[in-house]
Amino acid sequence: MTPVGLPHFLILSAALFCLGLLAVISKKNAVTVLMGVELIINAANINFIAFSRYVDNDLDGQMFGVFVIIAAAAGAAVALAIVLNIYQRMKSVNLDEADSLAG
Amino acid sequence: MTTFDFTFYAFSILTLLSASVMVFSKNLIHCAVGLLFAFFGIAGIYVLLAADFLAAVQVLIYVGGILVLLLFGVMLSQRIAGVNIETGTLQFIPALLVCGVVFAILTHLALKTRWSLMPLAEMAPTSRTIGNLLMTEYLLPFEIISILLLAALVGAAFMARREAR
């Protein structure tokens with residue numbers, strides 16, 4: 001068994017990304033889709049920090065990580081507000097029922 | 001197997017198991033709890049990558065902030081009085097196939113690429129350096145993201161108001 005290095009972290013983040021992708025494209029509930037987006041963002045962040053540790057050796061990747069977390073917080077707040085608005089209008093947050101724009 | 005390897009595998013298994021619970025569970029509350037433990041596991045991974053400040057931020061913002069926000073979303077958007085806090089899935093088998101293919105490609109890339117690795121630096125506390133960088137080299141992005149966060153939160157509060165219509 002090889003000692004843990006950069007590829008291990010990359011594979012972990014790939015697995016997290018795929019789980020998040022699975023949630024985003026297969027879940028009906030809008031809040032669960034949001035949770036999947038958070039998983040994807042975290043996978044990207046693991047990559048940033050792993051590269052910052054193994055390839056770059058300074059803190060630029062970690063600074064990106066800080067900004068990514070802040071942007072994710074802003075995104076989650078806005079997305080939740082949108083979900084609540086959808087719920088008020090349609091009495092449901094299932095994405096397949098929010099189809100009033102469909103022809 | 002060194003302590004580092006053991007810790008890595010422990011945190012990876014915690015993260016992936018709880019993320020799977022989040023993805024495969026039908027109950028929204030189970031999803032949220034799975035996500036909670038996944039975030040904790042990721043914070044542990046950050047510590048292993050010598051990012052102690054980010055690990056603390058991860059626990060504070062994700063576990064303390066975003067997850068609570070998501071739980072509010074669950075609570076406010078479901079008829080709690082009924083038993084129905086569940087989420088269905090659409091096209092689950094094709095989605096599983098697509099994700100499997102994506103995972104295979106990413107794993108192949110991670111293993112086959114010849115990364116230009118640097119010798120590892122000593123693990124050192126990072127919060128002082130990050131604070132200095134935020135006030136010097138990254139001052140402009142810091143201010144911009146502050147404005148972004150303020151605007152997003154004001155917008156979210158405005159949009160979510162009940163009497164907005």
# chains A, B, ... in the order shown; residues from 1 in each chain; ligands from 1

$ residues_around --residues "Ala73 of chain A" --least-positions-apart "2" --cutoff "12 Å" --atoms "only C-alpha atoms" --output "PyMOL selection string"
(chain A and resi 34+37-38+41-42+66-71+75-80) or (chain B and resi 57-58+60-70+145-146+148-150+152-153+156)

$ write_last_selection --atoms "C-alpha atoms" --output "short mmCIF file (atom, residue, chain, number, x, y, z; two decimals), in the first residue's frame"
data_model
loop_
_atom_site.label_atom_id
_atom_site.label_comp_id
_atom_site.auth_asym_id
_atom_site.auth_seq_id
_atom_site.Cartn_x
_atom_site.Cartn_y
_atom_site.Cartn_z
CA LEU A 34 -28.49 22.35 -2.69
CA VAL A 37 -23.97 21.55 -4.57
CA GLU A 38 -22.34 22.01 -1.16
CA ILE A 41 -17.95 22.85 -3.54
CA ASN A 42 -16.24 20.97 -0.72
CA VAL A 66 -11.26 30.81 2.24
CA PHE A 67 -12.86 32.71 -0.62
CA VAL A 68 -14.64 29.61 -1.88
CA ILE A 69 -16.18 29.03 1.55
CA ILE A 70 -17.40 32.64 1.71
CA ALA A 71 -18.87 32.45 -1.79
CA GLY A 75 -24.77 31.15 -2.56
CA ALA A 76 -26.50 28.99 0.02
CA ALA A 77 -28.31 31.99 1.50
CA VAL A 78 -29.62 33.19 -1.87
CA ALA A 79 -30.56 29.68 -3.00
CA LEU A 80 -32.49 29.07 0.21
CA VAL B 57 -13.58 27.94 9.30
CA GLN B 58 -15.12 24.81 7.81
CA LEU B 60 -17.76 27.28 11.97
CA ILE B 61 -19.31 28.22 8.64
CA TYR B 62 -20.44 24.93 7.15
CA VAL B 63 -21.53 23.09 10.27
CA GLY B 64 -22.62 26.17 12.20
CA GLY B 65 -24.01 28.25 9.37
CA ILE B 66 -24.81 26.58 6.08
CA LEU B 67 -26.12 23.37 7.58
CA VAL B 68 -28.44 25.26 9.93
CA LEU B 69 -29.60 27.28 6.95
CA LEU B 70 -30.31 24.07 5.01
CA ILE B 145 -16.07 39.25 -1.45
CA SER B 146 -17.21 41.25 1.59
CA LEU B 148 -20.65 40.21 -2.40
CA LEU B 149 -21.55 38.57 0.90
CA LEU B 150 -23.33 41.68 2.16
CA ALA B 152 -26.18 38.37 -1.16
CA LEU B 153 -27.40 38.33 2.44
CA ALA B 156 -31.68 36.78 0.44
#

$ residues_around --residues "Thr7 of chain B" --least-positions-apart "3" --cutoff "9 Å" --atoms "only C-alpha atoms" --output "NGL selection string"
:B and (2-4 or 10-12 or 44-45 or 48)

$ write_last_selection --atoms "C-alpha atoms" --output "short mmCIF file (atom, residue, chain, number, x, y, z; two decimals), in the first residue's frame"
data_model
loop_
_atom_site.label_atom_id
_atom_site.label_comp_id
_atom_site.auth_asym_id
_atom_site.auth_seq_id
_atom_site.Cartn_x
_atom_site.Cartn_y
_atom_site.Cartn_z
CA THR B 2 1.76 5.43 9.59
CA THR B 3 -0.51 7.45 11.83
CA PHE B 4 -0.97 9.96 9.02
CA ALA B 10 -10.44 7.11 8.87
CA PHE B 11 -11.53 10.60 7.85
CA SER B 12 -12.05 9.54 4.23
CA GLY B 44 -10.33 16.54 9.40
CA ILE B 45 -8.94 16.20 5.87
CA LEU B 48 -4.16 16.58 7.47
#

$ residues_around --residues "Gly41 of chain B" --least-positions-apart "6" --cutoff "10 Å" --atoms "only C-alpha atoms" --output "PyMOL selection string"
chain B and resi 8+10-19+35+47+55+59

$ closest_residue --among "B:Ile42, B:Arg161, B:Thr89, B:Trp115" --to "Ala56 of chain B" --atoms "only C-alpha atoms"
B:Ile42

$ interface_residues --of "chain A" --to "chain B" --cutoff "8 Å" --atoms "only C-alpha atoms" --output "PyMOL selection string"
chain A and resi 3-4+7+10-12+14-16+18-23+25-29+31-32+35-36+39+42+46+49-50+53-57+59+62-63+65-67+69-71+73-85+87+92-93

$ select_by_dssp --residues "chain B" --states "helix (DSSP H, G or I)" --output "compact mmCIF listing (two decimals) with N, CA and C atoms, in the first residue's frame"
# COMPACT_ATOMS: atom_id res chain seq x y z
N THR B 3 0.65 6.80 11.22
CA THR B 3 -0.51 7.45 11.83
C THR B 3 -1.21 8.36 10.83
N PHE B 4 -0.40 9.04 10.02
CA PHE B 4 -0.97 9.96 9.02
C PHE B 4 -1.89 9.20 8.07
N ASP B 5 -1.38 8.04 7.55
CA ASP B 5 -2.19 7.26 6.63
C ASP B 5 -3.47 6.79 7.31
N PHE B 6 -3.30 6.28 8.53
CA PHE B 6 -4.48 5.77 9.24
C PHE B 6 -5.52 6.87 9.42
N THR B 7 -5.07 8.07 9.83
CA THR B 7 -6.01 9.17 10.03
C THR B 7 -6.68 9.54 8.72
N PHE B 8 -5.88 9.56 7.65
CA PHE B 8 -6.47 9.89 6.35
C PHE B 8 -7.59 8.92 5.99
N TYR B 9 -7.28 7.61 6.13
CA TYR B 9 -8.31 6.65 5.74
C TYR B 9 -9.53 6.75 6.66
N ALA B 10 -9.30 6.99 7.95
CA ALA B 10 -10.44 7.11 8.87
C ALA B 10 -11.33 8.27 8.46
N PHE B 11 -10.72 9.44 8.22
CA PHE B 11 -11.53 10.60 7.85
C PHE B 11 -12.17 10.42 6.48
N SER B 12 -11.45 9.76 5.55
CA SER B 12 -12.05 9.54 4.23
C SER B 12 -13.28 8.66 4.33
N ILE B 13 -13.16 7.58 5.12
CA ILE B 13 -14.30 6.67 5.24
C ILE B 13 -15.46 7.40 5.89
N LEU B 14 -15.17 8.20 6.94
CA LEU B 14 -16.24 8.97 7.58
C LEU B 14 -16.92 9.88 6.56
N THR B 15 -16.09 10.61 5.80
CA THR B 15 -16.64 11.56 4.84
C THR B 15 -17.48 10.86 3.77
N LEU B 16 -16.91 9.82 3.17
CA LEU B 16 -17.61 9.19 2.06
C LEU B 16 -18.86 8.47 2.53
N LEU B 17 -18.78 7.82 3.70
CA LEU B 17 -19.98 7.13 4.21
C LEU B 17 -21.09 8.12 4.47
N SER B 18 -20.77 9.23 5.15
CA SER B 18 -21.86 10.16 5.47
C SER B 18 -22.35 10.87 4.22
N ALA B 19 -21.46 11.12 3.26
CA ALA B 19 -21.94 11.71 2.01
C ALA B 19 -22.86 10.72 1.29
N SER B 20 -22.53 9.42 1.36
CA SER B 20 -23.42 8.44 0.73
C SER B 20 -24.77 8.40 1.43
N VAL B 21 -24.75 8.50 2.76
CA VAL B 21 -26.02 8.56 3.48
C VAL B 21 -26.84 9.74 2.98
N MET B 22 -26.15 10.89 2.79
CA MET B 22 -26.85 12.08 2.30
C MET B 22 -27.45 11.83 0.93
N VAL B 23 -26.69 11.15 0.06
CA VAL B 23 -27.16 11.01 -1.32
C VAL B 23 -28.24 9.93 -1.42
N PHE B 24 -28.06 8.83 -0.69
CA PHE B 24 -28.95 7.70 -0.92
C PHE B 24 -30.15 7.67 0.02
N LEU B 28 -35.24 13.61 4.51
CA LEU B 28 -34.46 14.85 4.42
C LEU B 28 -33.63 15.10 5.68
N ILE B 29 -34.16 14.72 6.83
CA ILE B 29 -33.40 14.93 8.06
C ILE B 29 -32.15 14.05 8.07
N HIS B 30 -32.30 12.81 7.59
CA HIS B 30 -31.12 11.94 7.49
C HIS B 30 -30.11 12.54 6.53
N CYS B 31 -30.59 13.13 5.44
CA CYS B 31 -29.69 13.80 4.50
C CYS B 31 -28.89 14.87 5.21
N ALA B 32 -29.58 15.70 6.00
CA ALA B 32 -28.89 16.81 6.67
C ALA B 32 -27.87 16.30 7.67
N VAL B 33 -28.21 15.24 8.41
CA VAL B 33 -27.27 14.72 9.40
C VAL B 33 -26.06 14.09 8.70
N GLY B 34 -26.33 13.39 7.57
CA GLY B 34 -25.21 12.85 6.79
C GLY B 34 -24.28 13.94 6.32
N LEU B 35 -24.85 15.03 5.86
CA LEU B 35 -24.03 16.16 5.40
C LEU B 35 -23.22 16.73 6.55
N LEU B 36 -23.83 16.78 7.74
CA LEU B 36 -23.11 17.29 8.92
C LEU B 36 -21.83 16.50 9.15
N PHE B 37 -21.94 15.16 9.15
CA PHE B 37 -20.74 14.36 9.42
C PHE B 37 -19.76 14.44 8.25
N ALA B 38 -20.29 14.58 7.03
CA ALA B 38 -19.38 14.74 5.89
C ALA B 38 -18.55 16.02 6.06
N PHE B 39 -19.19 17.10 6.50
CA PHE B 39 -18.45 18.35 6.71
C PHE B 39 -17.39 18.18 7.79
N PHE B 40 -17.72 17.45 8.85
CA PHE B 40 -16.73 17.21 9.90
C PHE B 40 -15.54 16.43 9.34
N GLY B 41 -15.85 15.39 8.55
CA GLY B 41 -14.76 14.61 7.97
C GLY B 41 -13.87 15.46 7.08
N ILE B 42 -14.49 16.36 6.31
CA ILE B 42 -13.70 17.21 5.42
C ILE B 42 -12.82 18.15 6.25
N ALA B 43 -13.34 18.63 7.38
CA ALA B 43 -12.51 19.46 8.25
C ALA B 43 -11.28 18.67 8.71
N GLY B 44 -11.47 17.38 9.02
CA GLY B 44 -10.33 16.54 9.40
C GLY B 44 -9.32 16.42 8.26
N ILE B 45 -9.83 16.27 7.03
CA ILE B 45 -8.94 16.20 5.87
C ILE B 45 -8.12 17.49 5.75
N TYR B 46 -8.79 18.64 6.00
CA TYR B 46 -8.07 19.92 5.94
C TYR B 46 -6.93 19.95 6.95
N VAL B 47 -7.17 19.42 8.15
CA VAL B 47 -6.10 19.39 9.16
C VAL B 47 -4.93 18.56 8.65
N LEU B 48 -5.24 17.42 8.00
CA LEU B 48 -4.16 16.58 7.47
C LEU B 48 -3.38 17.31 6.38
N ASP B 52 -4.99 24.39 9.13
CA ASP B 52 -5.72 24.41 10.40
C ASP B 52 -6.76 25.51 10.45
N PHE B 53 -6.42 26.68 9.89
CA PHE B 53 -7.38 27.79 9.90
C PHE B 53 -8.63 27.41 9.09
N LEU B 54 -8.39 26.80 7.92
CA LEU B 54 -9.53 26.42 7.08
C LEU B 54 -10.39 25.36 7.74
N ALA B 55 -9.75 24.46 8.49
CA ALA B 55 -10.54 23.45 9.19
C ALA B 55 -11.48 24.11 10.19
N ALA B 56 -10.95 25.10 10.93
CA ALA B 56 -11.80 25.80 11.88
C ALA B 56 -12.92 26.55 11.17
N VAL B 57 -12.56 27.20 10.06
CA VAL B 57 -13.58 27.94 9.30
C VAL B 57 -14.64 26.98 8.77
N GLN B 58 -14.18 25.81 8.31
CA GLN B 58 -15.12 24.81 7.81
C GLN B 58 -16.14 24.43 8.87
N VAL B 59 -15.64 24.14 10.08
CA VAL B 59 -16.58 23.76 11.14
C VAL B 59 -17.50 24.93 11.47
N LEU B 60 -16.94 26.14 11.57
CA LEU B 60 -17.76 27.28 11.97
C LEU B 60 -18.81 27.61 10.92
N ILE B 61 -18.40 27.72 9.66
CA ILE B 61 -19.31 28.22 8.64
C ILE B 61 -20.21 27.11 8.10
N TYR B 62 -19.60 25.97 7.74
CA TYR B 62 -20.44 24.93 7.15
C TYR B 62 -21.34 24.30 8.21
N VAL B 63 -20.72 23.79 9.28
CA VAL B 63 -21.53 23.09 10.27
C VAL B 63 -22.42 24.08 11.02
N GLY B 64 -21.85 25.24 11.39
CA GLY B 64 -22.62 26.17 12.20
C GLY B 64 -23.56 27.03 11.39
N GLY B 65 -23.21 27.31 10.13
CA GLY B 65 -24.01 28.25 9.37
C GLY B 65 -24.82 27.62 8.27
N ILE B 66 -24.12 27.05 7.28
CA ILE B 66 -24.81 26.58 6.08
C ILE B 66 -25.73 25.42 6.40
N LEU B 67 -25.28 24.52 7.28
CA LEU B 67 -26.12 23.37 7.58
C LEU B 67 -27.39 23.79 8.32
N VAL B 68 -27.25 24.76 9.24
CA VAL B 68 -28.44 25.26 9.93
C VAL B 68 -29.38 25.92 8.94
N LEU B 69 -28.79 26.65 7.99
CA LEU B 69 -29.60 27.28 6.95
C LEU B 69 -30.37 26.22 6.15
N LEU B 70 -29.65 25.13 5.78
CA LEU B 70 -30.31 24.07 5.01
C LEU B 70 -31.41 23.42 5.83
N LEU B 71 -31.16 23.24 7.13
CA LEU B 71 -32.20 22.64 7.98
C LEU B 71 -33.41 23.56 8.04
N PHE B 72 -33.17 24.88 8.14
CA PHE B 72 -34.29 25.82 8.07
C PHE B 72 -35.04 25.64 6.77
N GLY B 73 -34.29 25.47 5.67
CA GLY B 73 -34.93 25.26 4.38
C GLY B 73 -35.81 24.03 4.41
N VAL B 74 -35.31 22.94 5.01
CA VAL B 74 -36.12 21.72 5.11
C VAL B 74 -37.37 22.00 5.92
N MET B 75 -37.18 22.63 7.08
CA MET B 75 -38.30 22.81 8.00
C MET B 75 -39.36 23.74 7.42
N LEU B 76 -38.91 24.80 6.73
CA LEU B 76 -39.87 25.79 6.26
C LEU B 76 -40.55 25.37 4.97
N PHE B 92 -32.72 7.63 -11.63
CA PHE B 92 -31.61 7.36 -10.73
C PHE B 92 -30.53 6.50 -11.39
N ILE B 93 -30.93 5.50 -12.17
CA ILE B 93 -29.94 4.58 -12.76
C ILE B 93 -29.05 5.30 -13.79
N PRO B 94 -29.63 6.08 -14.73
CA PRO B 94 -28.75 6.83 -15.64
C PRO B 94 -27.82 7.78 -14.89
N ALA B 95 -28.35 8.44 -13.85
CA ALA B 95 -27.52 9.36 -13.07
C ALA B 95 -26.35 8.62 -12.45
N LEU B 96 -26.64 7.41 -11.92
CA LEU B 96 -25.59 6.60 -11.30
C LEU B 96 -24.52 6.25 -12.33
N LEU B 97 -24.97 5.91 -13.54
CA LEU B 97 -24.02 5.56 -14.60
C LEU B 97 -23.12 6.76 -14.94
N VAL B 98 -23.76 7.93 -15.13
CA VAL B 98 -22.99 9.12 -15.48
C VAL B 98 -21.94 9.41 -14.41
N CYS B 99 -22.38 9.34 -13.13
CA CYS B 99 -21.45 9.65 -12.05
C CYS B 99 -20.33 8.63 -11.98
N GLY B 100 -20.66 7.35 -12.24
CA GLY B 100 -19.61 6.34 -12.24
C GLY B 100 -18.57 6.62 -13.31
N VAL B 101 -19.03 7.00 -14.51
CA VAL B 101 -18.09 7.30 -15.59
C VAL B 101 -17.22 8.50 -15.21
N VAL B 102 -17.86 9.55 -14.68
CA VAL B 102 -17.09 10.74 -14.28
C VAL B 102 -16.04 10.38 -13.24
N PHE B 103 -16.45 9.53 -12.29
CA PHE B 103 -15.50 9.14 -11.23
C PHE B 103 -14.34 8.35 -11.82
N ALA B 104 -14.65 7.46 -12.77
CA ALA B 104 -13.57 6.67 -13.39
C ALA B 104 -12.59 7.59 -14.10
N ILE B 105 -13.12 8.57 -14.84
CA ILE B 105 -12.23 9.49 -15.58
C ILE B 105 -11.36 10.28 -14.61
N LEU B 106 -11.99 10.81 -13.54
CA LEU B 106 -11.23 11.64 -12.60
C LEU B 106 -10.15 10.82 -11.90
N THR B 107 -10.50 9.57 -11.52
CA THR B 107 -9.51 8.72 -10.85
C THR B 107 -8.35 8.41 -11.78
N HIS B 108 -8.69 8.10 -13.03
CA HIS B 108 -7.64 7.83 -14.02
C HIS B 108 -6.70 9.03 -14.13
N LEU B 109 -7.30 10.24 -14.23
CA LEU B 109 -6.49 11.46 -14.33
C LEU B 109 -5.59 11.61 -13.11
N ALA B 110 -6.16 11.41 -11.92
CA ALA B 110 -5.39 11.62 -10.69
C ALA B 110 -4.22 10.66 -10.61
N LEU B 111 -4.45 9.44 -11.12
CA LEU B 111 -3.38 8.44 -10.98
C LEU B 111 -2.35 8.54 -12.09
N LYS B 112 -2.78 8.92 -13.31
CA LYS B 112 -1.86 8.85 -14.44
C LYS B 112 -1.06 10.14 -14.64
N SER B 127 -2.78 30.60 10.55
CA SER B 127 -3.74 31.70 10.68
C SER B 127 -3.04 33.06 10.61
N ARG B 128 -1.83 33.16 11.18
CA ARG B 128 -1.15 34.46 11.14
C ARG B 128 -0.82 34.84 9.69
N THR B 129 -0.30 33.87 8.93
CA THR B 129 0.05 34.16 7.53
C THR B 129 -1.19 34.52 6.74
N ILE B 130 -2.29 33.77 6.96
CA ILE B 130 -3.51 34.06 6.20
C ILE B 130 -4.03 35.45 6.54
N GLY B 131 -3.97 35.81 7.83
CA GLY B 131 -4.40 37.15 8.21
C GLY B 131 -3.57 38.22 7.54
N ASN B 132 -2.25 38.01 7.52
CA ASN B 132 -1.39 38.98 6.86
C ASN B 132 -1.69 39.09 5.37
N LEU B 133 -1.87 37.92 4.73
CA LEU B 133 -2.15 37.93 3.30
C LEU B 133 -3.47 38.63 3.00
N LEU B 134 -4.47 38.41 3.86
CA LEU B 134 -5.78 39.04 3.64
C LEU B 134 -5.67 40.55 3.69
N MET B 135 -4.75 41.07 4.51
CA MET B 135 -4.65 42.51 4.64
C MET B 135 -3.64 43.12 3.68
N LEU B 139 -6.01 41.98 -0.42
CA LEU B 139 -6.92 42.97 0.15
C LEU B 139 -8.11 43.23 -0.79
N LEU B 140 -7.82 43.38 -2.09
CA LEU B 140 -8.91 43.69 -3.03
C LEU B 140 -9.93 42.55 -3.13
N PRO B 141 -9.48 41.30 -3.35
CA PRO B 141 -10.48 40.20 -3.33
C PRO B 141 -11.25 40.13 -2.02
N PHE B 142 -10.57 40.41 -0.93
CA PHE B 142 -11.23 40.37 0.38
C PHE B 142 -12.35 41.39 0.45
N GLU B 143 -12.07 42.62 0.00
CA GLU B 143 -13.12 43.64 0.02
C GLU B 143 -14.25 43.30 -0.93
N ILE B 144 -13.89 42.78 -2.11
CA ILE B 144 -14.93 42.46 -3.09
C ILE B 144 -15.84 41.36 -2.55
N ILE B 145 -15.22 40.34 -1.93
CA ILE B 145 -16.07 39.25 -1.45
C ILE B 145 -16.89 39.70 -0.24
N SER B 146 -16.39 40.70 0.50
CA SER B 146 -17.21 41.25 1.59
C SER B 146 -18.46 41.90 1.04
N ILE B 147 -18.27 42.71 -0.02
CA ILE B 147 -19.43 43.36 -0.64
C ILE B 147 -20.40 42.30 -1.18
N LEU B 148 -19.82 41.28 -1.84
CA LEU B 148 -20.65 40.21 -2.40
C LEU B 148 -21.49 39.56 -1.31
N LEU B 149 -20.84 39.25 -0.19
CA LEU B 149 -21.55 38.57 0.90
C LEU B 149 -22.64 39.46 1.46
N LEU B 150 -22.33 40.76 1.64
CA LEU B 150 -23.33 41.68 2.16
C LEU B 150 -24.52 41.76 1.21
N ALA B 151 -24.22 41.93 -0.09
CA ALA B 151 -25.30 42.06 -1.06
C ALA B 151 -26.14 40.78 -1.10
N ALA B 152 -25.45 39.63 -1.08
CA ALA B 152 -26.18 38.37 -1.16
C ALA B 152 -27.08 38.19 0.06
N LEU B 153 -26.58 38.55 1.24
CA LEU B 153 -27.40 38.33 2.44
C LEU B 153 -28.57 39.30 2.48
N VAL B 154 -28.34 40.58 2.09
CA VAL B 154 -29.46 41.51 2.05
C VAL B 154 -30.49 41.05 1.03
N GLY B 155 -29.99 40.62 -0.15
CA GLY B 155 -30.91 40.12 -1.18
C GLY B 155 -31.69 38.91 -0.72
N ALA B 156 -31.00 37.98 -0.03
CA ALA B 156 -31.68 36.78 0.44
C ALA B 156 -32.75 37.14 1.46
N ALA B 157 -32.42 38.05 2.39
CA ALA B 157 -33.40 38.44 3.40
C ALA B 157 -34.59 39.12 2.74
N PHE B 158 -34.32 39.94 1.71
CA PHE B 158 -35.42 40.63 1.02
C PHE B 158 -36.30 39.63 0.28
N MET B 159 -35.65 38.68 -0.42
CA MET B 159 -36.44 37.74 -1.22
C MET B 159 -37.27 36.81 -0.35
N ALA B 160 -36.73 36.45 0.82
CA ALA B 160 -37.41 35.45 1.62
C ALA B 160 -38.53 36.04 2.47
N ARG B 162 -41.97 37.25 3.69
CA ARG B 162 -43.27 36.71 3.32
C ARG B 162 -44.13 37.73 2.59
N GLU B 163 -44.04 39.01 3.03
CA GLU B 163 -44.94 40.01 2.44
C GLU B 163 -44.29 40.70 1.25
N ALA B 164 -43.27 40.05 0.65
CA ALA B 164 -42.56 40.70 -0.44
C ALA B 164 -43.46 40.87 -1.66

$ atom_distance --atom1 "atom CA of Asp96 of chain A" --atom2 "atom CA of Ala43 of chain A"
26.7 Å

$ atom_distance --atom1 "atom CA of Ala124 of chain B" --atom2 "atom CA of Phe51 of chain A"
16.7 Å
